[in-house]
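Below is input39.cif, which holds mmCIF, C-alpha atoms and all ligand atoms.
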```
data_query
loop_
_atom_site.label_atom_id
_atom_site.label_comp_id
_atom_site.auth_asym_id
_atom_site.auth_seq_id
_atom_site.Cartn_x
_atom_site.Cartn_y
_atom_site.Cartn_z
CA MET F 1 74.83 19.35 135.16
CA LEU F 2 72.01 18.36 132.83
CA LYS F 3 69.96 21.28 134.11
CA LYS F 4 72.84 23.70 133.41
CA VAL F 5 73.21 22.40 129.86
CA ALA F 6 69.47 22.77 129.29
CA ILE F 7 69.52 26.38 130.55
CA LEU F 8 72.52 27.19 128.36
CA ALA F 9 70.76 25.67 125.34
CA VAL F 10 67.64 27.79 125.97
CA VAL F 11 69.76 30.97 126.37
CA ALA F 12 71.77 30.14 123.23
CA SER F 13 68.68 29.47 121.15
CA SER F 14 66.93 32.64 122.35
CA LEU F 15 70.11 34.62 121.46
CA ALA F 16 70.23 32.98 118.06
CA PHE F 17 66.64 34.05 117.38
CA ALA F 18 66.89 37.50 118.99
CA LYS F 19 65.53 39.89 116.41
CA PRO F 20 67.81 42.71 115.34
CA ASN F 21 66.82 46.32 116.07
CA VAL F 22 66.60 48.26 112.85
CA VAL F 23 65.77 51.96 112.49
CA VAL F 24 64.19 53.11 109.24
CA LEU F 25 64.97 56.72 108.30
CA ALA F 26 62.60 58.02 105.63
CA THR F 27 63.48 60.80 103.21
CA GLY F 28 60.74 60.60 100.53
CA GLY F 29 61.01 59.48 96.90
CA THR F 30 58.77 57.25 94.81
CA ILE F 31 58.72 54.65 97.57
CA ALA F 32 56.62 57.24 99.43
CA GLY F 33 54.77 58.19 96.26
CA SER F 34 51.09 58.11 95.35
CA GLY F 35 49.36 57.91 91.97
CA VAL F 36 45.80 58.44 90.78
CA SER F 37 45.29 54.81 89.74
CA SER F 38 46.83 51.39 90.25
CA THR F 39 48.17 51.44 86.69
CA GLN F 40 49.98 54.77 86.98
CA TYR F 41 53.72 54.48 87.50
CA GLU F 42 54.84 57.66 85.80
CA GLY F 43 53.44 61.09 86.55
CA TYR F 44 52.50 60.18 90.16
CA GLN F 45 53.44 62.36 93.09
CA ALA F 46 56.60 61.36 94.97
CA ALA F 47 57.28 61.91 98.68
CA VAL F 48 53.78 62.02 100.19
CA THR F 49 53.51 58.91 102.40
CA GLY F 50 54.95 59.09 105.91
CA VAL F 51 57.28 56.53 107.44
CA GLU F 52 54.63 54.99 109.75
CA LYS F 53 52.41 54.18 106.76
CA LEU F 54 55.38 52.82 104.79
CA LEU F 55 56.18 50.41 107.61
CA ALA F 56 52.54 49.50 108.22
CA ALA F 57 52.35 48.34 104.59
CA VAL F 58 54.88 45.60 105.43
CA PRO F 59 53.43 43.72 108.44
CA GLU F 60 55.92 40.90 107.77
CA LEU F 61 58.65 43.13 109.23
CA LYS F 62 57.63 42.10 112.75
CA ASN F 63 58.80 38.55 111.99
CA ILE F 64 62.34 39.59 111.12
CA ALA F 65 63.24 42.65 113.21
CA SER F 66 62.17 45.19 115.78
CA VAL F 67 61.66 48.16 113.54
CA SER F 68 61.13 51.81 114.38
CA GLY F 69 60.78 54.67 111.94
CA GLU F 70 61.81 58.33 111.75
CA GLN F 71 60.98 60.91 109.12
CA VAL F 72 64.21 62.78 108.31
CA ALA F 73 62.93 64.55 105.17
CA GLN F 74 60.07 64.28 102.68
CA VAL F 75 61.43 65.15 99.23
CA ALA F 76 61.60 63.74 95.74
CA SER F 77 65.27 62.95 95.51
CA GLN F 78 65.95 65.38 92.65
CA ASP F 79 65.44 67.92 95.48
CA MET F 80 67.85 66.16 97.85
CA SER F 81 70.29 68.68 99.36
CA THR F 82 73.61 68.61 101.13
CA ASP F 83 71.83 69.98 104.22
CA VAL F 84 69.70 66.80 104.33
CA TRP F 85 72.85 64.74 103.70
CA LEU F 86 74.50 66.22 106.78
CA LYS F 87 71.39 65.73 108.90
CA LEU F 88 71.11 62.14 107.70
CA ALA F 89 74.78 61.32 108.20
CA LYS F 90 74.77 62.72 111.74
CA ARG F 91 71.57 60.85 112.62
CA VAL F 92 72.94 57.58 111.22
CA ASN F 93 76.20 58.01 113.15
CA HIS F 94 74.31 58.79 116.35
CA LEU F 95 71.96 55.82 115.98
CA LEU F 96 74.72 53.35 115.16
CA GLN F 97 76.60 54.38 118.30
CA GLN F 98 73.65 53.07 120.35
CA GLU F 99 74.13 49.57 121.63
CA ASN F 100 70.50 48.70 120.98
CA VAL F 101 70.62 49.62 117.27
CA ASP F 102 71.90 46.90 114.93
CA GLY F 103 71.39 48.57 111.59
CA VAL F 104 69.79 51.42 109.68
CA VAL F 105 67.61 51.44 106.56
CA ILE F 106 67.15 54.67 104.62
CA THR F 107 64.21 55.07 102.24
CA HIS F 108 65.13 57.44 99.41
CA GLY F 109 64.17 58.46 95.89
CA THR F 110 66.08 56.67 93.18
CA ASN F 111 67.05 59.76 91.16
CA THR F 112 69.92 60.68 93.48
CA MET F 113 70.23 57.43 95.44
CA GLU F 114 73.73 56.85 94.05
CA GLU F 115 74.99 60.21 95.32
CA THR F 116 73.52 59.93 98.82
CA ALA F 117 74.74 56.34 99.14
CA TYR F 118 78.27 57.28 98.11
CA PHE F 119 78.36 60.30 100.44
CA LEU F 120 77.23 58.17 103.38
CA ASN F 121 79.75 55.49 102.43
CA LEU F 122 82.45 58.11 103.06
CA VAL F 123 81.15 59.68 106.28
CA VAL F 124 79.34 57.01 108.32
CA LYS F 125 81.61 55.91 111.14
CA SER F 126 80.45 52.43 111.95
CA LYS F 127 80.76 48.84 110.85
CA LYS F 128 77.05 48.31 111.43
CA PRO F 129 74.94 47.91 108.27
CA VAL F 130 73.46 50.91 106.50
CA VAL F 131 71.09 49.95 103.70
CA MET F 132 69.33 52.31 101.32
CA VAL F 133 66.09 51.29 99.64
CA GLY F 134 63.77 52.93 97.15
CA ALA F 135 61.19 51.99 94.58
CA MET F 136 60.45 52.55 90.94
CA ARG F 137 56.68 52.32 91.41
CA PRO F 138 54.63 54.36 93.88
CA GLY F 139 52.88 52.53 96.71
CA THR F 140 49.52 52.90 94.92
CA ALA F 141 50.69 51.00 91.82
CA MET F 142 49.75 47.45 91.00
CA SER F 143 52.82 45.35 91.83
CA ALA F 144 54.50 48.17 93.73
CA ASP F 145 58.11 47.26 94.47
CA GLY F 146 58.51 49.36 97.63
CA PRO F 147 57.18 46.91 100.25
CA MET F 148 59.45 44.04 99.17
CA ASN F 149 62.40 46.42 98.91
CA ILE F 150 61.75 47.61 102.49
CA TYR F 151 61.43 44.01 103.69
CA ASN F 152 64.65 42.97 101.94
CA GLY F 153 66.39 46.14 103.14
CA VAL F 154 65.48 45.42 106.77
CA LEU F 155 66.66 41.82 106.35
CA ALA F 156 70.00 43.06 105.00
CA ALA F 157 70.36 45.73 107.70
CA GLY F 158 69.71 43.14 110.40
CA SER F 159 72.05 40.52 108.99
CA LYS F 160 75.37 39.85 110.71
CA ASP F 161 76.80 39.13 107.26
CA SER F 162 76.24 42.79 106.31
CA ILE F 163 78.58 44.07 109.03
CA GLY F 164 81.65 45.88 107.68
CA LYS F 165 80.44 46.02 104.08
CA GLY F 166 79.81 49.77 103.99
CA VAL F 167 76.68 51.47 102.72
CA MET F 168 74.62 49.26 100.41
CA VAL F 169 71.57 49.71 98.23
CA VAL F 170 68.97 46.95 98.15
CA LEU F 171 66.49 47.10 95.27
CA ASN F 172 64.90 44.46 93.07
CA ASP F 173 66.50 41.79 95.31
CA ARG F 174 70.04 42.94 94.46
CA ILE F 175 72.53 44.11 97.07
CA ILE F 176 74.89 46.70 95.59
CA SER F 177 77.80 48.60 97.13
CA ALA F 178 77.32 52.38 97.32
CA ARG F 179 80.58 52.75 95.44
CA ASP F 180 79.54 50.66 92.44
CA ILE F 181 75.87 51.43 91.95
CA GLN F 182 74.42 53.01 88.82
CA LYS F 183 70.80 53.83 87.96
CA THR F 184 70.46 52.70 84.36
CA ASP F 185 66.80 53.30 83.50
CA THR F 186 64.24 55.87 84.63
CA ILE F 187 61.23 53.54 84.59
CA THR F 188 61.90 49.82 85.04
CA VAL F 189 62.29 48.07 88.41
CA ASP F 190 65.60 46.44 87.38
CA THR F 191 67.24 49.84 87.05
CA PHE F 192 70.05 49.56 89.61
CA LYS F 193 73.16 47.78 88.40
CA ALA F 194 76.84 47.53 89.18
CA PRO F 195 78.09 47.23 85.59
CA ILE F 196 81.81 47.33 86.32
CA PHE F 197 82.27 45.41 89.56
CA GLY F 198 79.04 43.45 89.93
CA TYR F 199 76.55 42.95 92.73
CA LEU F 200 77.63 42.33 96.33
CA GLY F 201 74.82 39.88 96.84
CA GLN F 202 71.14 39.12 96.67
CA VAL F 203 68.18 38.63 98.98
CA VAL F 204 66.32 35.42 98.21
CA ASP F 205 63.32 34.01 100.07
CA GLY F 206 64.19 35.97 103.20
CA LYS F 207 67.88 35.06 103.10
CA VAL F 208 70.69 37.56 102.65
CA VAL F 209 73.37 36.04 100.45
CA PHE F 210 76.66 37.76 99.71
CA PHE F 211 78.90 36.90 96.75
CA LYS F 212 81.85 39.12 97.66
CA ASN F 213 83.23 41.91 99.86
CA PRO F 214 83.95 45.50 98.85
CA ILE F 215 87.71 46.09 99.03
CA ASN F 216 87.94 49.89 98.83
CA LYS F 217 88.04 51.89 102.04
CA HIS F 218 84.62 52.96 103.30
CA THR F 219 82.67 54.12 106.38
CA TYR F 220 84.74 53.34 109.52
CA GLU F 221 87.99 53.33 107.48
CA SER F 222 87.30 56.57 105.63
CA GLU F 223 89.20 59.75 106.53
CA PHE F 224 86.10 61.95 106.08
CA ASP F 225 84.27 63.12 109.17
CA VAL F 226 81.20 65.38 109.29
CA THR F 227 80.95 65.65 113.08
CA ASN F 228 81.81 69.36 113.15
CA ILE F 229 80.62 70.30 109.70
CA THR F 230 77.41 72.34 109.47
CA LYS F 231 77.56 73.36 105.81
CA LEU F 232 79.10 71.77 102.74
CA PRO F 233 80.57 74.02 100.02
CA LYS F 234 78.55 74.44 96.86
CA VAL F 235 79.99 72.56 93.90
CA ASP F 236 78.26 72.69 90.53
CA ILE F 237 78.88 70.22 87.73
CA ASN F 238 79.41 71.03 84.08
CA TYR F 239 79.34 68.27 81.50
CA GLY F 240 81.71 68.40 78.54
CA TYR F 241 79.87 67.94 75.25
CA ALA F 242 80.41 68.38 71.51
CA ASN F 243 80.23 72.00 70.33
CA ASP F 244 80.57 73.23 73.93
CA SER F 245 80.84 77.03 73.67
CA GLY F 246 82.07 77.36 77.25
CA VAL F 247 79.14 79.60 78.15
CA VAL F 248 78.04 77.33 81.04
CA ILE F 249 81.50 77.07 82.56
CA ASP F 250 81.97 80.87 82.18
CA ALA F 251 78.65 81.43 83.94
CA LEU F 252 79.69 79.11 86.79
CA VAL F 253 83.05 80.85 87.18
N1 LIG F 301 61.27 61.18 91.62
C1 LIG F 301 61.68 60.05 92.35
C2 LIG F 301 62.78 60.43 93.33
O1 LIG F 301 62.45 60.90 94.37
C3 LIG F 301 62.10 58.93 91.52
C4 LIG F 301 62.23 57.67 92.30
O2 LIG F 301 62.25 57.64 93.52
O3 LIG F 301 62.33 56.65 91.64
O4 LIG F 301 63.95 60.23 93.07
#
```
Encoded form using structure tokens:
Amino acid sequence: MLKKVAILAVVASSLAFAKPNVVVLATGGTIAGSGVSSTQYEGYQAAVTGVEKLLAAVPELKNIASVSGEQVAQVASQDMSTDVWLKLAKRVNHLLQQENVDGVVITHGTNTMEETAYFLNLVVKSKKPVVMVGAMRPGTAMSADGPMNIYNGVLAAGSKDSIGKGVMVVLNDRIISARDIQKTDTITVDTFKAPIFGYLGQVVDGKVVFFKNPINKHTYESEFDVTNITKLPKVDINYGYANDSGVVIDALV
């Protein structure tokens, strides 16, 4: 009897400490950027460092998860396209169907992070965590924010508490729902905010802490499905502004 209890305790504790399997899908951005000096954080080149090097820069990852990386694209996110969106969405859906994948992290430029996050929030068909991370400083900068954002992103993607919360962005320690996130500044590391509905949570000292749940439908509850879609229609955006002559909208029509 005692022996049985001891065996059960060992099994239970090894299960409790089993590291989650997290796949990192890299798409480029400043997080994969490189500058000419450690003090340059504007005017650097985005999207040059490959996923293996990004992960190698965070050796602490091995303590928290079994991590593998894939390069899905290598673009500055102002060049993100709907073709990459579809490729990414299908890859995420495929990976999350695998029993041995617990969560996905996507590295991405911050310029269009909101758009990609929201799109994925509508078309990913899984309760498993999908976490997007980026950086405001290239990897070559003094006090680069990318490595900690990757570390915190992997923690969030591997956390059981992240299940069912939809696509999230983790940057500057904050955890923000894809639906609520706004980039508010083009330079500072505290750029991502959720001004209307607030942050979902925070990562502190290696702990993922949530303050609330998103209530709108997302991911597995969404009616959108990209399984059989190979091309998205082109939709351009025209801003309304004072003294608008209508020339842009006429050109689009
Ligand atoms: N140009 C970068 C991008 O790929 C900016 C960034 O990542 O912060 O969006």
Closest atom pairs, chain F residues within 12 Å of ligand LIG 301 (chain F), all atoms listed in the file, as a tab-separated table:
```
residue	atom	partner	partner_atom	distance
F:Ala26	CA	F:LIG301	O1	11.6
F:Thr27	CA	F:LIG301	O1	8.9
F:Gly28	CA	F:LIG301	O1	6.4
F:Gly29	CA	F:LIG301	O1	3.2
F:Thr30	CA	F:LIG301	O2	3.7
F:Ile31	CA	F:LIG301	O2	6.1
F:Ala32	CA	F:LIG301	O2	8.2
F:Gly33	CA	F:LIG301	O2	8.0
F:Ser34	CA	F:LIG301	C1	11.2
F:Tyr41	CA	F:LIG301	O3	9.8
F:Glu42	CA	F:LIG301	C3	9.3
F:Gly43	CA	F:LIG301	N1	9.3
F:Tyr44	CA	F:LIG301	N1	8.9
F:Gln45	CA	F:LIG301	N1	8.1
F:Ala46	CA	F:LIG301	N1	5.8
F:Ala47	CA	F:LIG301	O1	6.8
F:Val48	CA	F:LIG301	O1	10.5
F:Ala73	CA	F:LIG301	O1	11.4
F:Gln74	CA	F:LIG301	O1	9.3
F:Val75	CA	F:LIG301	O1	6.5
F:Ala76	CA	F:LIG301	O1	3.3
F:Ser77	CA	F:LIG301	O1	3.7
F:Gln78	CA	F:LIG301	O4	5.5
F:Asp79	CA	F:LIG301	O1	7.7
F:Met80	CA	F:LIG301	O1	8.3
F:Thr107	CA	F:LIG301	O2	9.3
F:His108	CA	F:LIG301	O2	6.6
F:Gly109	CA	F:LIG301	O2	3.2
F:Thr110	CA	F:LIG301	O2	4.0
F:Asn111	CA	F:LIG301	O4	3.7
F:Thr112	CA	F:LIG301	O4	6.0
F:Met113	CA	F:LIG301	O4	7.3
F:Glu114	CA	F:LIG301	O4	10.4
F:Glu115	CA	F:LIG301	O4	11.3
F:Thr116	CA	F:LIG301	O4	11.2
F:Met132	CA	F:LIG301	O2	11.8
F:Val133	CA	F:LIG301	O2	9.6
F:Gly134	CA	F:LIG301	O2	6.1
F:Ala135	CA	F:LIG301	O3	5.6
F:Met136	CA	F:LIG301	O3	4.6
F:Arg137	CA	F:LIG301	O3	7.1
F:Pro138	CA	F:LIG301	O2	8.3
F:Gly139	CA	F:LIG301	O2	11.1
F:Ala144	CA	F:LIG301	O3	11.7
F:Asp145	CA	F:LIG301	O3	10.7
F:Gly146	CA	F:LIG301	O2	10.0
F:Leu171	CA	F:LIG301	O3	11.0
F:Lys183	CA	F:LIG301	O3	9.7
F:Thr184	CA	F:LIG301	O3	11.6
F:Asp185	CA	F:LIG301	O3	9.9
F:Thr186	CA	F:LIG301	O3	7.3
F:Ile187	CA	F:LIG301	O3	7.8
F:Thr188	CA	F:LIG301	O3	9.5
F:Val189	CA	F:LIG301	O3	9.2
F:Asp190	CA	F:LIG301	O3	11.5
F:Thr191	CA	F:LIG301	O3	9.6
F:Phe192	CA	F:LIG301	O3	10.7
```
Check your understanding: What gap, in Å, lies between atom CA of F:Val24 and atom CA of F:Lys160?
Key ->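 Spanning atom CA of F:Val24 to atom CA of F:Lys160 is a straight-line distance of 17.4 Å.
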Study note, to complete from the structure: Here atom CA of F:Lys87 and atom CA of F:Val51 stand apart by 16.9 Å
Mind checking which residues fall within 12 Å of F:Asp205, counting all atoms listed in the file, ignoring those fewer than 6 positions away in the same chain, and posting them as a CSV table (one decimal) with C-alpha atoms, in the coordinates of the input?
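The resulting file, around_36.csv, is reproduced below:
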```csv
chain,number,residue,atom,x,y,z
F,148,MET,CA,59.4,44.0,99.2
F,151,TYR,CA,61.4,44.0,103.7
F,152,ASN,CA,64.6,43.0,101.9
F,155,LEU,CA,66.7,41.8,106.4
F,173,ASP,CA,66.5,41.8,95.3
```
Practice item. Would you mind listing what lies within 12 Å of F:Leu120 as number ranges by chain, with only C-alpha atoms counted and same-chain residues fewer than 4 positions away left out? Key: F: 82, 84-93, 104, 106, 113-116, 124-126, 129-132, 166-169, 177-179, 218-220, 222, 224-226
Practice item. For atom CA of F:Val22 and atom CA of F:Leu55, determine how far apart the two atoms are, in Å to one decimal place. Key: 11.9 Å
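For the set F:Val154, F:Val170, F:Ala141, F:Lys128, the residue with the smallest atom-to-atom gap to F:Ser66 is F:Val154, counting all atoms listed in the file.
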Practice item. Within 12 Å of F:Lys234, counting all atoms listed in the file, which residues show up once you throw out same-chain ones fewer than 6 positions away? Write them as a list in words, please. Key: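 Near F:Lys234, the qualifying residues are Ser81, Thr82, Asp83 and Leu252 of chain F.
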For the residues in that selection, give me C-alpha atoms as an mmCIF file, in the frame of the given file.
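Produced file out-v3.cif, reproduced below:
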```
data_model
loop_
_atom_site.group_PDB
_atom_site.id
_atom_site.type_symbol
_atom_site.label_atom_id
_atom_site.label_comp_id
_atom_site.auth_asym_id
_atom_site.auth_seq_id
_atom_site.Cartn_x
_atom_site.Cartn_y
_atom_site.Cartn_z
ATOM 1 C CA SER F 81 70.290 68.680 99.360
ATOM 2 C CA THR F 82 73.610 68.610 101.130
ATOM 3 C CA ASP F 83 71.830 69.980 104.220
ATOM 4 C CA LEU F 252 79.690 79.110 86.790
#
```
Practice item. Might you pull out every residue within 12 Å of F:Val248, with all atoms listed in the file counted and same-chain residues fewer than 5 positions away left off, and present them as JSON, numbers by chain? Key: {"F": [236, 237, 238, 239, 240, 241, 253]}
